[in-house]
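S.K.: Provided below: model08.cif, containing mmCIF, C-alpha atoms and all ligand atoms.
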```cif
data_entry
loop_
_atom_site.label_atom_id
_atom_site.label_comp_id
_atom_site.auth_asym_id
_atom_site.auth_seq_id
_atom_site.Cartn_x
_atom_site.Cartn_y
_atom_site.Cartn_z
CA MET A 208 -91.41 -179.92 151.02
CA SER A 209 -92.19 -181.66 154.30
CA LYS A 210 -92.09 -179.71 157.53
CA GLU A 211 -89.11 -181.84 158.57
CA THR A 212 -87.11 -181.00 155.43
CA ALA A 213 -87.87 -177.31 155.94
CA LEU A 214 -86.66 -177.50 159.53
CA VAL A 215 -83.46 -179.33 158.54
CA ARG A 216 -82.79 -176.73 155.87
CA MET A 217 -83.38 -173.89 158.31
CA ALA A 218 -81.09 -175.54 160.85
CA MET A 219 -78.35 -175.82 158.22
CA ASN A 220 -79.04 -172.21 157.18
CA GLU A 221 -79.08 -173.38 153.57
CA LYS A 222 -79.95 -170.55 151.21
CA PRO A 223 -82.63 -171.23 148.64
CA GLY A 224 -80.99 -170.26 145.32
CA ALA A 225 -77.65 -170.27 143.51
CA SER A 226 -74.50 -170.03 145.65
CA ALA A 227 -72.12 -167.07 145.49
CA GLN A 228 -69.61 -169.26 143.61
CA ALA A 229 -72.22 -170.16 140.99
CA ILE A 230 -73.17 -166.49 140.53
CA GLN A 231 -69.51 -165.49 140.24
CA HIS A 232 -68.97 -168.17 137.59
CA HIS A 233 -71.21 -166.09 135.33
CA TYR A 234 -71.01 -162.46 136.44
CA ASP A 235 -67.29 -162.31 137.15
CA ALA A 236 -66.39 -163.39 133.59
CA GLY A 237 -64.89 -159.90 133.17
CA ASP A 238 -66.36 -156.40 133.39
CA ASP A 239 -64.68 -155.39 130.12
CA PHE A 240 -66.19 -158.38 128.32
CA TYR A 241 -69.72 -157.41 129.35
CA GLN A 242 -69.05 -153.80 128.46
CA LEU A 243 -68.44 -154.88 124.86
CA TRP A 244 -71.99 -156.03 124.25
CA LEU A 245 -74.28 -154.56 126.93
CA ASP A 246 -75.39 -150.93 126.77
CA GLU A 247 -73.25 -148.22 128.33
CA THR A 248 -74.96 -148.56 131.77
CA ARG A 249 -74.29 -152.34 131.67
CA THR A 250 -77.91 -153.19 132.33
CA TYR A 251 -78.05 -156.97 132.05
CA SER A 252 -81.77 -157.73 131.76
CA CYS A 253 -84.60 -157.42 129.25
CA ALA A 254 -85.24 -153.88 127.98
CA LEU A 255 -88.65 -152.27 127.41
CA TRP A 256 -88.95 -151.37 123.73
CA ASP A 257 -91.20 -148.75 122.29
CA SER A 258 -90.45 -148.19 118.62
CA GLN A 259 -88.71 -150.10 115.85
CA ASP A 260 -85.75 -147.78 115.50
CA GLU A 261 -84.87 -146.97 119.08
CA SER A 262 -81.50 -147.69 120.68
CA LEU A 263 -80.83 -150.30 123.35
CA GLU A 264 -79.78 -147.50 125.71
CA SER A 265 -83.13 -145.74 125.40
CA ALA A 266 -85.09 -149.01 125.83
CA GLN A 267 -83.07 -149.84 128.96
CA PHE A 268 -83.80 -146.44 130.52
CA ARG A 269 -87.52 -146.92 129.72
CA LYS A 270 -87.40 -150.27 131.53
CA LEU A 271 -85.69 -148.78 134.61
CA ASP A 272 -88.19 -145.89 134.71
CA TYR A 273 -91.10 -148.32 134.29
CA HIS A 274 -90.05 -150.31 137.36
CA ILE A 275 -89.34 -147.16 139.37
CA ALA A 276 -92.88 -145.96 138.60
CA GLN A 277 -94.35 -149.40 139.41
CA ALA A 278 -92.52 -149.47 142.74
CA ARG A 279 -93.65 -145.86 143.52
CA ALA A 280 -89.97 -145.16 144.26
CA HIS A 281 -89.76 -141.62 142.84
CA ASP A 282 -88.47 -139.20 145.55
CA ALA A 283 -88.25 -142.02 148.09
CA GLU A 284 -85.89 -141.92 151.04
CA ARG A 285 -84.74 -145.54 151.12
CA VAL A 286 -84.92 -148.09 148.30
CA LEU A 287 -83.62 -151.67 148.08
CA ASP A 288 -82.39 -153.16 144.77
CA VAL A 289 -82.10 -156.95 145.07
CA GLY A 290 -79.59 -158.15 142.46
CA CYS A 291 -78.19 -154.75 141.49
CA GLY A 292 -75.77 -155.86 138.75
CA TRP A 293 -73.44 -153.04 137.76
CA GLY A 294 -75.70 -150.47 139.42
CA SER A 295 -77.69 -148.96 136.53
CA LEU A 296 -80.96 -148.92 138.47
CA ALA A 297 -79.36 -147.52 141.63
CA GLN A 298 -77.71 -144.76 139.62
CA ARG A 299 -81.01 -143.94 137.85
CA LEU A 300 -82.88 -143.81 141.17
CA VAL A 301 -80.52 -141.27 142.75
CA ARG A 302 -79.68 -139.23 139.64
CA ALA A 303 -83.04 -138.97 137.87
CA HIS A 304 -85.64 -139.78 140.53
CA GLY A 305 -84.50 -137.90 143.65
CA VAL A 306 -84.03 -141.02 145.79
CA GLN A 307 -81.85 -140.33 148.82
CA HIS A 308 -80.40 -143.74 149.52
CA VAL A 309 -80.27 -146.98 147.53
CA THR A 310 -78.96 -150.26 148.92
CA GLY A 311 -77.94 -152.68 146.18
CA LEU A 312 -77.33 -156.37 146.85
CA THR A 313 -75.19 -158.55 144.60
CA LEU A 314 -73.29 -161.83 144.92
CA SER A 315 -70.70 -160.75 142.35
CA ALA A 316 -67.46 -159.37 143.78
CA SER A 317 -66.53 -157.63 140.53
CA GLN A 318 -69.93 -155.90 140.31
CA LYS A 319 -69.49 -154.64 143.86
CA ALA A 320 -65.97 -153.38 143.13
CA TYR A 321 -67.21 -151.66 139.94
CA ILE A 322 -70.01 -149.82 141.77
CA GLU A 323 -67.68 -148.76 144.56
CA ARG A 324 -65.25 -147.31 142.02
CA GLN A 325 -68.05 -145.10 140.62
CA ALA A 326 -68.63 -143.57 144.11
CA TRP A 327 -72.18 -142.51 143.20
CA PRO A 328 -73.55 -140.40 146.08
CA GLY A 329 -76.45 -142.13 147.83
CA VAL A 330 -75.59 -145.60 146.48
CA GLU A 331 -74.43 -148.34 148.82
CA VAL A 332 -73.57 -151.80 147.49
CA ARG A 333 -73.31 -154.95 149.56
CA LEU A 334 -71.90 -158.36 148.64
CA GLU A 335 -74.80 -160.09 150.30
CA ASN A 336 -77.48 -162.67 149.64
CA TRP A 337 -81.01 -161.30 150.16
CA PHE A 338 -81.48 -164.26 152.49
CA ASP A 339 -78.98 -162.67 154.91
CA HIS A 340 -80.04 -159.04 154.50
CA ALA A 341 -80.87 -157.27 157.77
CA PRO A 342 -81.67 -153.62 157.04
CA THR A 343 -81.29 -150.93 159.67
CA GLY A 344 -84.70 -149.45 158.86
CA PRO A 345 -87.72 -150.00 156.62
CA TYR A 346 -87.65 -149.41 152.85
CA ASP A 347 -90.09 -147.23 150.93
CA ALA A 348 -89.80 -149.47 147.87
CA ILE A 349 -88.07 -152.64 146.68
CA LEU A 350 -87.07 -153.52 143.12
CA SER A 351 -85.56 -156.69 141.74
CA ILE A 352 -84.78 -156.98 138.06
CA GLY A 353 -83.40 -160.15 136.54
CA ALA A 354 -82.25 -161.77 139.79
CA PHE A 355 -85.23 -163.97 140.72
CA GLU A 356 -83.98 -166.42 138.06
CA HIS A 357 -81.28 -167.36 140.59
CA PHE A 358 -83.53 -167.85 143.63
CA ALA A 359 -84.15 -171.58 143.09
CA ARG A 360 -81.98 -174.56 142.14
CA PRO A 361 -82.77 -177.23 139.55
CA SER A 362 -82.32 -179.92 142.20
CA GLN A 363 -85.28 -178.61 144.21
CA SER A 364 -88.79 -180.01 144.10
CA GLU A 365 -91.60 -177.62 143.17
CA ALA A 366 -92.61 -177.40 146.84
CA GLU A 367 -89.06 -176.49 147.86
CA LYS A 368 -88.90 -173.84 145.14
CA VAL A 369 -92.12 -172.23 146.30
CA GLN A 370 -90.87 -172.33 149.89
CA GLY A 371 -87.66 -170.52 148.87
CA TYR A 372 -89.61 -167.91 146.92
CA ARG A 373 -91.93 -167.46 149.88
CA ASP A 374 -88.86 -166.80 152.07
CA PHE A 375 -88.03 -163.99 149.65
CA PHE A 376 -91.54 -162.47 149.67
CA ARG A 377 -91.76 -162.80 153.44
CA ARG A 378 -88.52 -160.89 153.86
CA CYS A 379 -89.57 -158.20 151.38
CA HIS A 380 -92.86 -157.87 153.24
CA GLY A 381 -91.03 -157.38 156.52
CA TRP A 382 -88.57 -154.85 155.07
CA LEU A 383 -91.20 -152.61 153.42
CA LYS A 384 -93.17 -149.82 155.03
CA PRO A 385 -96.92 -150.42 155.26
CA GLY A 386 -98.47 -150.04 151.80
CA GLY A 387 -95.03 -150.32 150.16
CA TRP A 388 -94.52 -151.69 146.64
CA LEU A 389 -92.23 -154.29 145.12
CA SER A 390 -91.52 -154.30 141.39
CA LEU A 391 -90.14 -157.57 140.05
CA GLN A 392 -88.86 -158.66 136.65
CA THR A 393 -87.98 -162.25 135.90
CA MET A 394 -87.77 -164.80 133.11
CA SER A 395 -90.19 -167.67 133.55
CA TYR A 396 -91.05 -171.09 132.19
CA GLU A 397 -94.07 -170.58 129.94
CA ASN A 398 -95.08 -173.25 127.41
CA SER A 399 -92.42 -175.62 128.74
CA ARG A 400 -91.16 -177.58 131.72
CA ARG A 401 -87.71 -177.77 133.26
CA GLU A 402 -87.19 -181.19 131.59
CA ASP A 403 -87.72 -179.68 128.12
CA PHE A 404 -84.39 -177.83 128.29
CA SER A 405 -80.96 -179.34 127.70
CA ASP A 406 -78.27 -179.22 130.39
CA PHE A 407 -76.45 -176.49 128.50
CA PHE A 408 -77.86 -173.50 130.41
CA ASN A 409 -77.45 -175.14 133.75
CA LYS A 410 -74.01 -176.63 133.18
CA GLU A 411 -72.36 -173.93 131.11
CA ILE A 412 -74.15 -170.62 131.69
CA PHE A 413 -76.20 -170.28 134.89
CA PRO A 414 -75.20 -173.03 137.31
CA GLU A 415 -77.51 -173.84 140.23
CA SER A 416 -80.30 -171.67 138.82
CA ASP A 417 -83.84 -172.55 137.84
CA LEU A 418 -86.63 -170.39 136.41
CA PRO A 419 -89.95 -169.82 138.18
CA ARG A 420 -93.42 -170.41 136.80
CA LEU A 421 -95.98 -167.64 137.20
CA SER A 422 -98.14 -169.96 139.32
CA GLU A 423 -95.21 -170.49 141.74
CA ILE A 424 -94.73 -166.75 142.12
CA ALA A 425 -98.46 -166.28 142.75
CA GLN A 426 -98.46 -169.07 145.32
CA ALA A 427 -95.33 -167.82 147.07
CA SER A 428 -96.59 -164.24 147.42
CA ASP A 429 -100.16 -165.17 148.34
CA ARG A 430 -101.50 -163.30 151.41
CA LEU A 431 -98.26 -161.27 151.66
CA PHE A 432 -98.66 -159.14 148.54
CA GLU A 433 -101.39 -158.42 146.04
CA ILE A 434 -100.43 -158.56 142.39
CA VAL A 435 -101.54 -155.26 140.88
CA THR A 436 -100.05 -155.31 137.39
CA LEU A 437 -98.53 -158.08 135.35
CA ARG A 438 -97.13 -158.11 131.85
CA ASN A 439 -95.40 -160.78 129.84
CA ASP A 440 -92.98 -159.08 127.45
CA ARG A 441 -91.20 -162.12 126.05
CA GLU A 442 -90.79 -160.56 122.60
CA HIS A 443 -88.92 -157.68 124.27
CA TYR A 444 -86.35 -160.17 125.50
CA ALA A 445 -85.97 -161.75 122.06
CA ARG A 446 -85.17 -158.29 120.71
CA THR A 447 -82.79 -157.40 123.57
CA LEU A 448 -80.88 -160.66 123.07
CA GLN A 449 -80.67 -160.07 119.35
CA VAL A 450 -79.05 -156.66 119.93
CA TRP A 451 -76.61 -158.07 122.52
CA ARG A 452 -75.66 -160.83 120.05
CA HIS A 453 -75.08 -158.35 117.23
CA ARG A 454 -72.92 -156.23 119.49
CA MET A 455 -70.87 -159.22 120.58
CA LYS A 456 -70.36 -160.21 116.95
CA ALA A 457 -69.32 -156.65 116.08
CA HIS A 458 -66.69 -156.77 118.87
CA ARG A 459 -65.74 -160.41 118.38
CA ALA A 460 -61.98 -159.90 118.20
CA ALA A 461 -61.93 -157.83 121.40
CA ALA A 462 -64.22 -160.35 123.13
CA VAL A 463 -61.94 -163.25 122.18
CA ALA A 464 -58.95 -161.28 123.46
CA GLN A 465 -60.75 -160.76 126.80
CA VAL A 466 -62.16 -164.22 127.52
CA GLY A 467 -61.01 -166.61 124.75
CA GLU A 468 -62.69 -168.39 121.81
CA SER A 469 -64.58 -171.00 123.77
CA VAL A 470 -66.26 -168.55 126.17
CA VAL A 471 -67.33 -166.32 123.27
CA ALA A 472 -68.76 -169.36 121.45
CA ARG A 473 -70.59 -170.44 124.63
CA TYR A 474 -72.14 -166.99 125.13
CA ASP A 475 -73.13 -166.75 121.48
CA ARG A 476 -74.94 -170.09 121.76
CA TYR A 477 -76.64 -168.99 124.98
CA LEU A 478 -77.85 -165.69 123.49
CA GLN A 479 -79.14 -167.45 120.38
CA LEU A 480 -80.96 -170.27 122.21
CA ALA A 481 -82.54 -167.85 124.67
CA MET A 482 -83.66 -165.61 121.82
CA ILE A 483 -85.45 -168.56 120.20
CA GLY A 484 -87.01 -169.58 123.54
CA PHE A 485 -88.52 -166.13 124.07
CA HIS A 486 -89.63 -165.91 120.48
CA VAL A 487 -91.51 -169.21 120.44
CA GLY A 488 -92.84 -168.83 123.98
CA THR A 489 -91.11 -171.60 125.91
CA MET A 490 -89.88 -168.77 128.14
CA GLY A 491 -91.69 -165.66 129.29
CA LEU A 492 -90.56 -162.32 130.65
CA LEU A 493 -92.66 -161.24 133.59
CA ARG A 494 -92.85 -157.72 135.02
CA ILE A 495 -94.98 -157.73 138.16
CA ALA A 496 -95.96 -154.94 140.55
CA PHE A 497 -96.86 -156.12 144.06
CA ARG A 498 -98.45 -154.06 146.85
CA ARG A 499 -97.72 -155.13 150.41
CA LEU A 500 -100.76 -156.43 152.25
CA ASP A 501 -100.78 -154.66 155.58
CA ARG A 502 -102.96 -157.19 157.33
CA SER A 503 -100.92 -160.13 156.11
CA LEU A 504 -102.30 -163.55 156.89
CA GLY A 505 -99.05 -165.20 155.65
C1 LIG A 601 -78.86 -160.69 135.45
S1 LIG A 601 -78.11 -159.77 136.75
C2 LIG A 601 -79.24 -158.39 136.75
C3 LIG A 601 -78.60 -157.15 137.29
C4 LIG A 601 -79.42 -155.88 137.25
N1 LIG A 601 -80.61 -155.97 138.04
C5 LIG A 601 -79.72 -155.48 135.83
O1 LIG A 601 -80.87 -155.53 135.41
O2 LIG A 601 -78.76 -155.10 135.15
C6 LIG A 601 -78.53 -160.69 138.26
C7 LIG A 601 -78.05 -160.06 139.54
O3 LIG A 601 -78.64 -160.76 140.64
C8 LIG A 601 -77.65 -160.95 141.65
N2 LIG A 601 -78.09 -162.05 142.53
C9 LIG A 601 -78.39 -163.32 142.17
N3 LIG A 601 -78.76 -164.04 143.25
C10 LIG A 601 -78.72 -163.19 144.31
C11 LIG A 601 -79.00 -163.33 145.70
N4 LIG A 601 -79.42 -164.49 146.23
N5 LIG A 601 -78.85 -162.24 146.51
C12 LIG A 601 -78.43 -161.06 145.99
N6 LIG A 601 -78.17 -160.87 144.68
C13 LIG A 601 -78.30 -161.91 143.85
C14 LIG A 601 -76.38 -161.18 140.86
O4 LIG A 601 -75.25 -161.01 141.67
C15 LIG A 601 -76.54 -160.12 139.77
O5 LIG A 601 -76.11 -158.87 140.27
#
```
Would you write the structure of this file as structure tokens?
M.R.:
Amino acid sequence: MSKETALVRMAMNEKPGASAQAIQHHYDAGDDFYQLWLDETRTYSCALWDSQDESLESAQFRKLDYHIAQARAHDAERVLDVGCGWGSLAQRLVRAHGVQHVTGLTLSASQKAYIERQAWPGVEVRLENWFDHAPTGPYDAILSIGAFEHFARPSQSEAEKVQGYRDFFRRCHGWLKPGGWLSLQTMSYENSRREDFSDFFNKEIFPESDLPRLSEIAQASDRLFEIVTLRNDREHYARTLQVWRHRMKAHRAAAVAQVGESVVARYDRYLQLAMIGFHVGTMGLLRIAFRRLDRSLG
């Protein structure tokens, strides 16, 4: 992106990723609908599987605990969860890891309302874009699971995408205490390009959203954070999607009653196509631990 374009965008205060309306198109499809096929904590991102016969619930808790350990968030005072969904990570942080205060950000009004109804002590949820977040004090740790997929738009050039991602890493850098950690999980383009995918995902499932490449993440975080651990667990997403799909099939009648035939058919197609993508490696599932560089040159 040219310096001029960047300045125009800043002047217009345009946010880098999907709009709140686009996010609500997907996540406000109905809490009860998602409850039918996600696990009981409504964690809506790839699990971390250990054995062949384990339950989705157990694999989701392992994933949450993995990121909490990567972010060094155990016993922390203040933690930020960017893209908190229905609050499973926030709840795990305060209930099982002694965290005093978690701030969760979401763009979904129904997710916010759901979390507020739970009234979990120590959990605060805000209907707020990370772009606009202005914390009252520094965070000990930041986590973001399955939200980065929404931080760029398909209409952006690669340079604009990297610039938007850099805005995110710059903010995280500024919000963290010196030496603080950020644990990130995101889908990525792997052996594929944006053009290799049909319009289906963008038109029907995740409007205004585009996946990152690992190289874009590395570029955008360069000299702000060091990448300490990185894993690509794409097969874990294929398995998670397969379980979600089975659960939706098992509750098909209830799902149709909630959202109608065409939405159920659309979601089934999305789960199936994504499962194939992760299986064959056109998409990856990155889990990355970043340590804040205290003498940032960024
Ligand atoms: C796939 S869900 C993942 C939720 C949760 N982390 C989990 O694993 O269950 C994506 C979340 O990111 C949030 N999100 C997307 N873009 C965002 C943005 N720019 N600022 C804040 N939250 C955002 C959505 O509202 C949603 O809560």
S.K.: Would you mind telling me which residue in A:Ala276, A:Ala359, A:Ala427, A:Val466 lies nearest to ligand LIG 601 (chain A) when using only C-alpha atoms and all ligand atoms?
M.R.: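 Counting only C-alpha atoms and all ligand atoms, the residue closest to ligand LIG 601 (chain A) is A:Ala359.
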S.K.: Taking all atoms listed in the file into account, list the residues no farther than 6 Å from ligand LIG 601 (chain A), as number ranges by chain.
M.R.: A: 230, 250-252, 289-292, 312-315, 335-337, 352-354, 357-358
S.K.: Which one of A:Asp403, A:Ala341, A:Gly294, A:Gly305 sits closest to Ala326 of chain A if you count only C-alpha atoms?
M.R.: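 Answer, going by the shortest atom-to-atom distance: A:Gly294.
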S.K.: Given the choices A:Gln363, A:Gln242, A:Thr393, A:Gln259, which gets closest to Ala462 of chain A if the distance is worked out from all atoms listed in the file?
M.R.: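 Nearest to Ala462 of chain A: A:Gln242.
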S.K.: Within 10 Å of (-78.9, -156.7, 118.5) (file coordinates; only C-alpha atoms), which protein or nucleic acid residues are there? I'd like them as a PyMOL selection string.
M.R.: chain A and resi 244-245+262-263+445-457
S.K.: Nearest to Gly488 of chain A: which of A:Tyr396, A:Tyr273, A:Phe413, A:Phe408 is it, counting all atoms listed in the file?
M.R.: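 Distance minimum relative to Gly488 of chain A lands on A:Tyr396.
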S.K.: Between A:His340, A:Lys368, A:His232, A:Lys270, which is the closest to Ala316 of chain A once you count all atoms listed in the file?
M.R.: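 Going through A:His340, A:Lys368, A:His232, A:Lys270 one by one, the smallest distance to Ala316 of chain A is for A:His232.
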S.K.: Determine the nearest neighbour of Leu287 of chain A from the options A:Asp238, A:Asp347, A:Asp406, A:Glu221, counting all atoms listed in the file.
M.R.: A:Asp347
S.K.: What separation in Å, quoted to one decimal, exists between atom CA of Thr436 of chain A and atom CA of Ala496 of chain A?
M.R.: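 Between atom CA of Thr436 of chain A and atom CA of Ala496 of chain A the gap is 5.2 Å.
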S.K.: To one decimal in Å, tell me the separation between atom CA of Asp239 of chain A and atom CA of Met394 of chain A.
M.R.: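 The value is 25.1 Å.
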S.K.: Interatomic distance between atom CA of Arg430 of chain A and atom CA of Phe497 of chain A?
M.R.: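 Interatomic distance, atom CA of Arg430 of chain A to atom CA of Phe497 of chain A: 11.3 Å.
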